[in-house]
$ cat upload.pdb   # PDB, C-alpha atoms
ATOM      1  CA  MET N   1      -7.225 -17.036   6.708  1.00  0.00           C
ATOM      2  CA  LEU N   2      -7.867 -13.319   6.934  1.00  0.00           C
ATOM      3  CA  SER N   3      -5.161 -10.963   8.197  1.00  0.00           C
ATOM      4  CA  ILE N   4      -5.272  -7.213   8.597  1.00  0.00           C
ATOM      5  CA  ILE N   5      -2.474  -4.996   7.343  1.00  0.00           C
ATOM      6  CA  VAL N   6      -2.666  -1.327   8.354  1.00  0.00           C
ATOM      7  CA  SER N   7      -0.600   1.777   8.931  1.00  0.00           C
ATOM      8  CA  LYS N   8      -2.099   3.923  11.689  1.00  0.00           C
ATOM      9  CA  ALA N   9      -1.359   6.971  13.761  1.00  0.00           C
ATOM     10  CA  LYS N  10      -0.976   6.889  17.539  1.00  0.00           C
ATOM     11  CA  ASN N  11      -4.616   8.089  17.838  1.00  0.00           C
ATOM     12  CA  ASN N  12      -5.827   5.323  15.422  1.00  0.00           C
ATOM     13  CA  ILE N  13      -6.342   7.689  12.472  1.00  0.00           C
ATOM     14  CA  ILE N  14      -5.710   5.930   9.141  1.00  0.00           C
ATOM     15  CA  GLY N  15      -6.715   8.657   6.710  1.00  0.00           C
ATOM     16  CA  LYS N  16      -8.652  11.752   5.825  1.00  0.00           C
ATOM     17  CA  ASP N  17     -11.086  12.210   2.940  1.00  0.00           C
ATOM     18  CA  ASN N  18     -10.075   8.836   1.453  1.00  0.00           C
ATOM     19  CA  GLU N  19      -6.352   9.654   1.434  1.00  0.00           C
ATOM     20  CA  MET N  20      -3.393   8.509   3.494  1.00  0.00           C
ATOM     21  CA  LEU N  21      -1.850  11.307   5.533  1.00  0.00           C
ATOM     22  CA  TRP N  22       1.725  10.017   5.393  1.00  0.00           C
ATOM     23  CA  ARG N  23       4.088   8.226   3.045  1.00  0.00           C
ATOM     24  CA  ILE N  24       6.721   6.005   4.599  1.00  0.00           C
ATOM     25  CA  PRO N  25       8.711   4.260   1.861  1.00  0.00           C
ATOM     26  CA  ASP N  26       9.872   1.418   4.150  1.00  0.00           C
ATOM     27  CA  ASP N  27       6.260   0.742   5.178  1.00  0.00           C
ATOM     28  CA  LEU N  28       5.103   0.708   1.541  1.00  0.00           C
ATOM     29  CA  LYS N  29       7.934  -1.718   0.731  1.00  0.00           C
ATOM     30  CA  LYS N  30       6.866  -4.026   3.597  1.00  0.00           C
ATOM     31  CA  PHE N  31       3.231  -3.819   2.437  1.00  0.00           C
ATOM     32  CA  LYS N  32       4.271  -4.915  -1.037  1.00  0.00           C
ATOM     33  CA  GLU N  33       6.476  -7.748   0.280  1.00  0.00           C
ATOM     34  CA  LYS N  34       3.668  -9.081   2.518  1.00  0.00           C
ATOM     35  CA  THR N  35       0.825  -8.858   0.013  1.00  0.00           C
ATOM     36  CA  ILE N  36       2.472  -9.754  -3.304  1.00  0.00           C
ATOM     37  CA  GLY N  37       1.122 -13.041  -4.635  1.00  0.00           C
ATOM     38  CA  HIS N  38      -1.819 -12.918  -2.221  1.00  0.00           C
ATOM     39  CA  THR N  39      -5.419 -11.722  -2.267  1.00  0.00           C
ATOM     40  CA  ILE N  40      -6.088  -8.229  -0.917  1.00  0.00           C
ATOM     41  CA  ILE N  41      -9.558  -7.317   0.345  1.00  0.00           C
ATOM     42  CA  MET N  42     -10.812  -3.753   0.487  1.00  0.00           C
ATOM     43  CA  GLY N  43     -13.762  -1.420   0.161  1.00  0.00           C
ATOM     44  CA  ARG N  44     -14.585   0.452  -3.022  1.00  0.00           C
ATOM     45  CA  LYS N  45     -13.153   3.775  -1.799  1.00  0.00           C
ATOM     46  CA  THR N  46      -9.854   2.145  -0.870  1.00  0.00           C
ATOM     47  CA  PHE N  47      -9.678   0.537  -4.301  1.00  0.00           C
ATOM     48  CA  GLU N  48     -10.344   3.884  -5.978  1.00  0.00           C
ATOM     49  CA  SER N  49      -7.636   5.545  -3.850  1.00  0.00           C
ATOM     50  CA  LEU N  50      -5.036   3.021  -5.117  1.00  0.00           C
ATOM     51  CA  GLY N  51      -5.168   4.562  -8.566  1.00  0.00           C
ATOM     52  CA  GLY N  52      -5.335   1.188 -10.272  1.00  0.00           C
ATOM     53  CA  ILE N  53      -4.856  -2.531  -9.831  1.00  0.00           C
ATOM     54  CA  LEU N  54      -1.802  -3.464  -7.766  1.00  0.00           C
ATOM     55  CA  PRO N  55       0.395  -5.887  -9.707  1.00  0.00           C
ATOM     56  CA  ASP N  56       0.675  -9.569  -8.795  1.00  0.00           C
ATOM     57  CA  ARG N  57      -2.256  -9.548  -6.379  1.00  0.00           C
ATOM     58  CA  LYS N  58      -5.860 -10.629  -6.659  1.00  0.00           C
ATOM     59  CA  HIS N  59      -8.240  -7.877  -5.511  1.00  0.00           C
ATOM     60  CA  ILE N  60     -11.563  -8.411  -3.771  1.00  0.00           C
ATOM     61  CA  ILE N  61     -13.689  -5.303  -3.410  1.00  0.00           C
ATOM     62  CA  LEU N  62     -16.645  -5.164  -1.052  1.00  0.00           C
ATOM     63  CA  SER N  63     -19.265  -2.741  -2.275  1.00  0.00           C
ATOM     64  CA  ARG N  64     -22.879  -2.069  -1.359  1.00  0.00           C
ATOM     65  CA  ASN N  65     -23.462  -0.743  -4.868  1.00  0.00           C
ATOM     66  CA  PRO N  66     -24.871  -3.616  -6.969  1.00  0.00           C
ATOM     67  CA  ASP N  67     -23.873  -1.764 -10.165  1.00  0.00           C
ATOM     68  CA  PHE N  68     -20.208  -1.335  -9.206  1.00  0.00           C
ATOM     69  CA  ASN N  69     -18.024  -3.515 -11.419  1.00  0.00           C
ATOM     70  CA  ILE N  70     -14.399  -3.704 -12.532  1.00  0.00           C
ATOM     71  CA  ASP N  71     -13.633  -5.547 -15.743  1.00  0.00           C
ATOM     72  CA  SER N  72     -10.450  -7.412 -14.840  1.00  0.00           C
ATOM     73  CA  ASP N  73      -9.378 -10.991 -14.180  1.00  0.00           C
ATOM     74  CA  TYR N  74      -7.513  -9.676 -11.098  1.00  0.00           C
ATOM     75  CA  VAL N  75     -10.548  -8.046  -9.483  1.00  0.00           C
ATOM     76  CA  LYS N  76     -13.667  -9.592  -8.003  1.00  0.00           C
ATOM     77  CA  VAL N  77     -16.448  -7.364  -6.672  1.00  0.00           C
ATOM     78  CA  ILE N  78     -18.619  -8.846  -3.938  1.00  0.00           C
ATOM     79  CA  HIS N  79     -21.605  -7.488  -2.070  1.00  0.00           C
ATOM     80  CA  SER N  80     -21.847  -9.570   1.124  1.00  0.00           C
ATOM     81  CA  LEU N  81     -19.842 -11.292   3.838  1.00  0.00           C
ATOM     82  CA  LEU N  82     -21.318 -14.577   2.688  1.00  0.00           C
ATOM     83  CA  GLU N  83     -19.292 -14.287  -0.513  1.00  0.00           C
ATOM     84  CA  LEU N  84     -16.118 -13.934   1.590  1.00  0.00           C
ATOM     85  CA  GLN N  85     -16.571 -17.140   3.619  1.00  0.00           C
ATOM     86  CA  ASP N  86     -14.286 -19.250   1.453  1.00  0.00           C
ATOM     87  CA  TYR N  87     -11.454 -16.784   2.088  1.00  0.00           C
ATOM     88  CA  MET N  88     -12.103 -16.732   5.843  1.00  0.00           C
ATOM     89  CA  ASN N  89     -11.713 -20.492   6.139  1.00  0.00           C
ATOM     90  CA  ASP N  90      -8.876 -20.914   3.639  1.00  0.00           C
ATOM     91  CA  GLU N  91      -5.405 -21.827   4.969  1.00  0.00           C
ATOM     92  CA  GLU N  92      -3.795 -19.275   2.644  1.00  0.00           C
ATOM     93  CA  GLU N  93      -3.314 -15.781   4.064  1.00  0.00           C
ATOM     94  CA  HIS N  94      -5.540 -13.063   2.560  1.00  0.00           C
ATOM     95  CA  PHE N  95      -4.987  -9.424   3.525  1.00  0.00           C
ATOM     96  CA  VAL N  96      -7.655  -6.903   4.560  1.00  0.00           C
ATOM     97  CA  ILE N  97      -6.236  -3.511   3.532  1.00  0.00           C
ATOM     98  CA  GLY N  98      -9.042  -1.083   4.447  1.00  0.00           C
ATOM     99  CA  GLY N  99     -10.723   1.291   4.754  1.00  0.00           C
ATOM    100  CA  ALA N 100     -12.183   1.909   8.193  1.00  0.00           C
ATOM    101  CA  ILE N 101     -15.595   0.348   7.497  1.00  0.00           C
ATOM    102  CA  ILE N 102     -13.995  -2.815   6.087  1.00  0.00           C
ATOM    103  CA  TYR N 103     -11.561  -3.080   9.026  1.00  0.00           C
ATOM    104  CA  ASN N 104     -14.474  -2.790  11.473  1.00  0.00           C
ATOM    105  CA  LEU N 105     -16.549  -5.304   9.527  1.00  0.00           C
ATOM    106  CA  LEU N 106     -13.830  -7.936   9.095  1.00  0.00           C
ATOM    107  CA  MET N 107     -11.734  -7.598  12.273  1.00  0.00           C
ATOM    108  CA  PRO N 108     -13.821 -10.264  14.093  1.00  0.00           C
ATOM    109  CA  TYR N 109     -12.941 -12.775  11.334  1.00  0.00           C
ATOM    110  CA  CYS N 110      -9.215 -12.001  11.196  1.00  0.00           C
ATOM    111  CA  LYS N 111      -6.581 -14.171  12.867  1.00  0.00           C
ATOM    112  CA  LYS N 112      -3.541 -11.918  12.484  1.00  0.00           C
ATOM    113  CA  MET N 113      -2.715  -8.208  12.240  1.00  0.00           C
ATOM    114  CA  TYR N 114       0.323  -6.458  10.823  1.00  0.00           C
ATOM    115  CA  VAL N 115       0.265  -2.922  12.227  1.00  0.00           C
ATOM    116  CA  THR N 116       2.590  -0.078  11.372  1.00  0.00           C
ATOM    117  CA  GLN N 117       2.174   2.122  14.458  1.00  0.00           C
ATOM    118  CA  LEU N 118       3.265   5.735  14.010  1.00  0.00           C
ATOM    119  CA  ASP N 119       4.388   7.578  17.126  1.00  0.00           C
ATOM    120  CA  LYS N 120       2.386  10.663  16.195  1.00  0.00           C
ATOM    121  CA  ASP N 121      -1.242  11.780  16.261  1.00  0.00           C
ATOM    122  CA  PHE N 122      -2.924  12.981  13.077  1.00  0.00           C
ATOM    123  CA  GLU N 123      -6.183  14.734  12.316  1.00  0.00           C
ATOM    124  CA  GLY N 124      -8.440  12.724  10.062  1.00  0.00           C
ATOM    125  CA  ASN N 125     -11.887  11.227   9.596  1.00  0.00           C
ATOM    126  CA  SER N 126     -11.013   7.569   9.057  1.00  0.00           C
ATOM    127  CA  LEU N 127     -10.355   5.584  12.219  1.00  0.00           C
ATOM    128  CA  PHE N 128      -8.954   2.096  12.790  1.00  0.00           C
ATOM    129  CA  PRO N 129     -10.859   0.112  15.456  1.00  0.00           C
ATOM    130  CA  LYS N 130      -9.331  -0.090  18.933  1.00  0.00           C
ATOM    131  CA  ILE N 131      -7.208  -3.220  19.396  1.00  0.00           C
ATOM    132  CA  ASN N 132      -8.642  -5.160  22.328  1.00  0.00           C
ATOM    133  CA  ASP N 133      -5.791  -6.599  24.458  1.00  0.00           C
ATOM    134  CA  LYS N 134      -8.077  -9.412  25.603  1.00  0.00           C
ATOM    135  CA  GLU N 135      -8.619 -10.562  21.996  1.00  0.00           C
ATOM    136  CA  TRP N 136      -5.209  -9.833  20.473  1.00  0.00           C
ATOM    137  CA  LYS N 137      -1.732 -10.848  21.605  1.00  0.00           C
ATOM    138  CA  GLU N 138       1.371  -8.999  20.436  1.00  0.00           C
ATOM    139  CA  ILE N 139       3.938 -11.468  19.072  1.00  0.00           C
ATOM    140  CA  SER N 140       6.561  -9.143  17.596  1.00  0.00           C
ATOM    141  CA  ARG N 141       7.633  -5.506  17.586  1.00  0.00           C
ATOM    142  CA  GLU N 142      10.341  -3.926  15.453  1.00  0.00           C
ATOM    143  CA  LYS N 143      11.342  -0.286  15.210  1.00  0.00           C
ATOM    144  CA  GLY N 144      11.147   1.100  11.672  1.00  0.00           C
ATOM    145  CA  PRO N 145      14.090   3.017  10.203  1.00  0.00           C
ATOM    146  CA  HIS N 146      14.020   6.758  10.841  1.00  0.00           C
ATOM    147  CA  ASP N 147      16.134   8.621   8.306  1.00  0.00           C
ATOM    148  CA  GLY N 148      15.803  11.312   5.654  1.00  0.00           C
ATOM    149  CA  VAL N 149      13.449   9.107   3.624  1.00  0.00           C
ATOM    150  CA  ASN N 150      11.366   7.497   6.390  1.00  0.00           C
ATOM    151  CA  ASN N 151      10.678  10.642   8.378  1.00  0.00           C
ATOM    152  CA  PHE N 152       8.452   9.382  11.216  1.00  0.00           C
ATOM    153  CA  GLU N 153       9.105   7.368  14.352  1.00  0.00           C
ATOM    154  CA  TYR N 154       7.162   4.126  13.937  1.00  0.00           C
ATOM    155  CA  GLU N 155       7.106   0.439  14.790  1.00  0.00           C
ATOM    156  CA  TYR N 156       5.982  -2.712  13.040  1.00  0.00           C
ATOM    157  CA  ILE N 157       3.805  -4.732  15.419  1.00  0.00           C
ATOM    158  CA  THR N 158       2.347  -8.172  14.705  1.00  0.00           C
ATOM    159  CA  TYR N 159      -0.642  -9.499  16.641  1.00  0.00           C
ATOM    160  CA  ILE N 160      -2.413 -12.851  16.652  1.00  0.00           C
ATOM    161  CA  LYS N 161      -5.904 -13.507  17.902  1.00  0.00           C
ATOM    162  CA  ASN N 162      -6.039 -15.178  21.329  1.00  0.00           C
TER
END
$ encode --input "upload.pdb" --output "structure tokens"
Amino acid sequence: MLSIIVSKAKNNIIGKDNEMLWRIPDDLKKFKEKTIGHTIIMGRKTFESLGGILPDRKHIILSRNPDFNIDSDYVKVIHSLLELQDYMNDEEEHFVIGGAIIYNLLMPYCKKMYVTQLDKDFEGNSLFPKINDKEWKEISREKGPHDGVNNFEYEYITYIKN
């Protein structure tokens, strides 16, 4: 089963020039807790922005470049949606982690979304697709801690596909 995990601004911005515009330690901790031991699926630019292979997770990278390759047992590079079909139909949860093109491409195949919704607009050039209320049902909402370390107002929202 495919699930999306994303941190986005109020205006759906998720980044600028292949970089996140905010760092919320509690959100990063939740990302790690959710994805550890699972497969994470991303585009090449997102993988490059990570700065390396995230521990204890299998990585699948979608790339249009047939020459793009990573020599690691933890990374598989694929070049088509057809190669992702086994993950779409699997009972185990696999996490789509971005970027914008990958979210747009895979959202129709996802069954669940974990959204960290910031209560602030940002300027950027990477946009998360609009969440259609007719397709997605909110099943939980929790306010994130706002303190000296986590310096934004934000909520954790979970959606399932109707």
$ closest_residue --input "upload.pdb" --among "N:Asp121, N:Gly43, N:Ile157, N:Ile60" --to "Leu105 (chain N)" --atoms "all atoms listed in the file"
N:Gly43
$ closest_residue --input "upload.pdb" --among "N:Asn162, N:Ile131, N:Asp56, N:Met107" --to "Lys34 (chain N)" --atoms "only C-alpha atoms"
N:Asp56
$ residues_around --input "upload.pdb" --residues "region 13-17 of chain N" --least-positions-apart "3" --cutoff "9 Å" --atoms "only C-alpha atoms" --output "number ranges by chain"
N: 6-10, 20-22, 99-100, 121-128
$ resolve_selection --input "upload.pdb" --expression "the PyMOL selection byres ((chain N and resi 97) around 6)" --output "PyMOL selection string"
chain N and resi 5+41-42+96+98
$ resolve_selection --input "upload.pdb" --expression "the PyMOL selection byres ((chain N and resi 55) around 10)" --output "PDB file with C-alpha atoms, keeping the file's coordinate frame"
ATOM      1  CA  LYS N  32       4.271  -4.915  -1.037  1.00  0.00           C
ATOM      2  CA  ILE N  36       2.472  -9.754  -3.304  1.00  0.00           C
ATOM      3  CA  GLY N  37       1.122 -13.041  -4.635  1.00  0.00           C
ATOM      4  CA  GLY N  52      -5.335   1.188 -10.272  1.00  0.00           C
ATOM      5  CA  ILE N  53      -4.856  -2.531  -9.831  1.00  0.00           C
ATOM      6  CA  LEU N  54      -1.802  -3.464  -7.766  1.00  0.00           C
ATOM      7  CA  ASP N  56       0.675  -9.569  -8.795  1.00  0.00           C
ATOM      8  CA  ARG N  57      -2.256  -9.548  -6.379  1.00  0.00           C
ATOM      9  CA  LYS N  58      -5.860 -10.629  -6.659  1.00  0.00           C
ATOM     10  CA  HIS N  59      -8.240  -7.877  -5.511  1.00  0.00           C
ATOM     11  CA  TYR N  74      -7.513  -9.676 -11.098  1.00  0.00           C
TER      12      TYR N  74
END
$ axis_aligned_box --input "upload.pdb" --around "region 64-77 of chain N" --padding-each-side "3 Å" --output "AutoDock Vina command-line options"
--center_x -16.2 --center_y -5.9 --center_z -8.6 --size_x 23.4 --size_y 16.2 --size_z 20.4
$ residues_around --input "upload.pdb" --residues "His146 (chain N)" --least-positions-apart "2" --cutoff "12 Å" --atoms "all atoms listed in the file" --output "VMD selection string"
chain N and resid 24 to 27 118 to 119 143 to 144 148 to 155
$ atom_distance --input "upload.pdb" --atom1 "CA of Ile101 (chain N)" --atom2 "CA of Arg23 (chain N)"
21.7 Å
$ atom_distance --input "upload.pdb" --atom1 "CA of Phe47 (chain N)" --atom2 "CA of Val75 (chain N)"
10.1 Å
$ residues_around --input "upload.pdb" --residues "Tyr159 (chain N)" --least-positions-apart "6" --cutoff "12 Å" --atoms "all atoms listed in the file" --output "PyMOL selection string"
chain N and resi 3-6+110-116+131-141
$ atom_distance --input "upload.pdb" --atom1 "CA of Asn12 (chain N)" --atom2 "CA of Leu62 (chain N)"
22.3 Å
$ decode --input "upload.pdb" --residues "region 84-100 of chain N" --atoms "N, CA, C and O atoms" --output "compact mmCIF listing (two decimals), in the first residue's frame"
# COMPACT_ATOMS: atom_id res chain seq x y z
N LEU N 84 6.61 -0.02 -10.15
CA LEU N 84 6.13 0.24 -8.79
C LEU N 84 4.88 -0.56 -8.44
O LEU N 84 4.44 -0.54 -7.30
N GLN N 85 4.30 -1.27 -9.39
CA GLN N 85 3.02 -1.94 -9.17
C GLN N 85 3.03 -2.91 -7.99
O GLN N 85 2.04 -2.99 -7.27
N ASP N 86 4.09 -3.63 -7.79
CA ASP N 86 4.14 -4.57 -6.66
C ASP N 86 3.98 -3.83 -5.33
O ASP N 86 3.35 -4.34 -4.40
N TYR N 87 4.53 -2.63 -5.24
CA TYR N 87 4.45 -1.86 -4.01
C TYR N 87 3.05 -1.27 -3.82
O TYR N 87 2.59 -1.11 -2.69
N MET N 88 2.37 -0.96 -4.91
CA MET N 88 1.03 -0.40 -4.84
C MET N 88 0.03 -1.41 -4.30
O MET N 88 -0.91 -1.05 -3.62
N ASN N 89 0.23 -2.67 -4.63
CA ASN N 89 -0.72 -3.71 -4.26
C ASN N 89 -0.33 -4.46 -3.00
O ASN N 89 -1.09 -5.28 -2.50
N ASP N 90 0.84 -4.20 -2.48
CA ASP N 90 1.35 -4.87 -1.28
C ASP N 90 0.55 -4.41 -0.05
O ASP N 90 0.11 -3.27 0.01
N GLU N 91 0.37 -5.30 0.91
CA GLU N 91 -0.31 -4.95 2.16
C GLU N 91 0.55 -4.04 3.04
O GLU N 91 0.04 -3.23 3.79
N GLU N 92 1.87 -4.21 2.93
CA GLU N 92 2.78 -3.40 3.74
C GLU N 92 2.71 -1.94 3.30
O GLU N 92 2.53 -1.63 2.13
N GLU N 93 2.89 -1.03 4.26
CA GLU N 93 2.83 0.40 3.96
C GLU N 93 4.19 0.89 3.43
O GLU N 93 5.22 0.63 4.04
N HIS N 94 4.16 1.54 2.28
CA HIS N 94 5.33 2.16 1.66
C HIS N 94 5.04 3.66 1.58
O HIS N 94 3.94 4.06 1.26
N PHE N 95 6.06 4.48 1.83
CA PHE N 95 5.85 5.91 1.97
C PHE N 95 6.41 6.71 0.79
O PHE N 95 7.60 6.62 0.49
N VAL N 96 5.55 7.50 0.17
CA VAL N 96 5.95 8.45 -0.88
C VAL N 96 6.38 9.71 -0.15
O VAL N 96 5.58 10.31 0.58
N ILE N 97 7.65 10.13 -0.37
CA ILE N 97 8.19 11.26 0.40
C ILE N 97 8.51 12.49 -0.47
O ILE N 97 9.06 13.46 0.04
N GLY N 98 8.18 12.46 -1.76
CA GLY N 98 8.36 13.65 -2.58
C GLY N 98 9.32 13.47 -3.72
O GLY N 98 9.83 12.38 -3.93
N GLY N 99 9.53 14.47 -4.43
CA GLY N 99 9.04 15.84 -4.40
C GLY N 99 7.69 15.99 -5.10
O GLY N 99 6.92 15.05 -5.27
N ALA N 100 7.45 17.25 -5.52
CA ALA N 100 6.16 17.64 -6.06
C ALA N 100 5.72 16.77 -7.23
O ALA N 100 4.57 16.34 -7.31
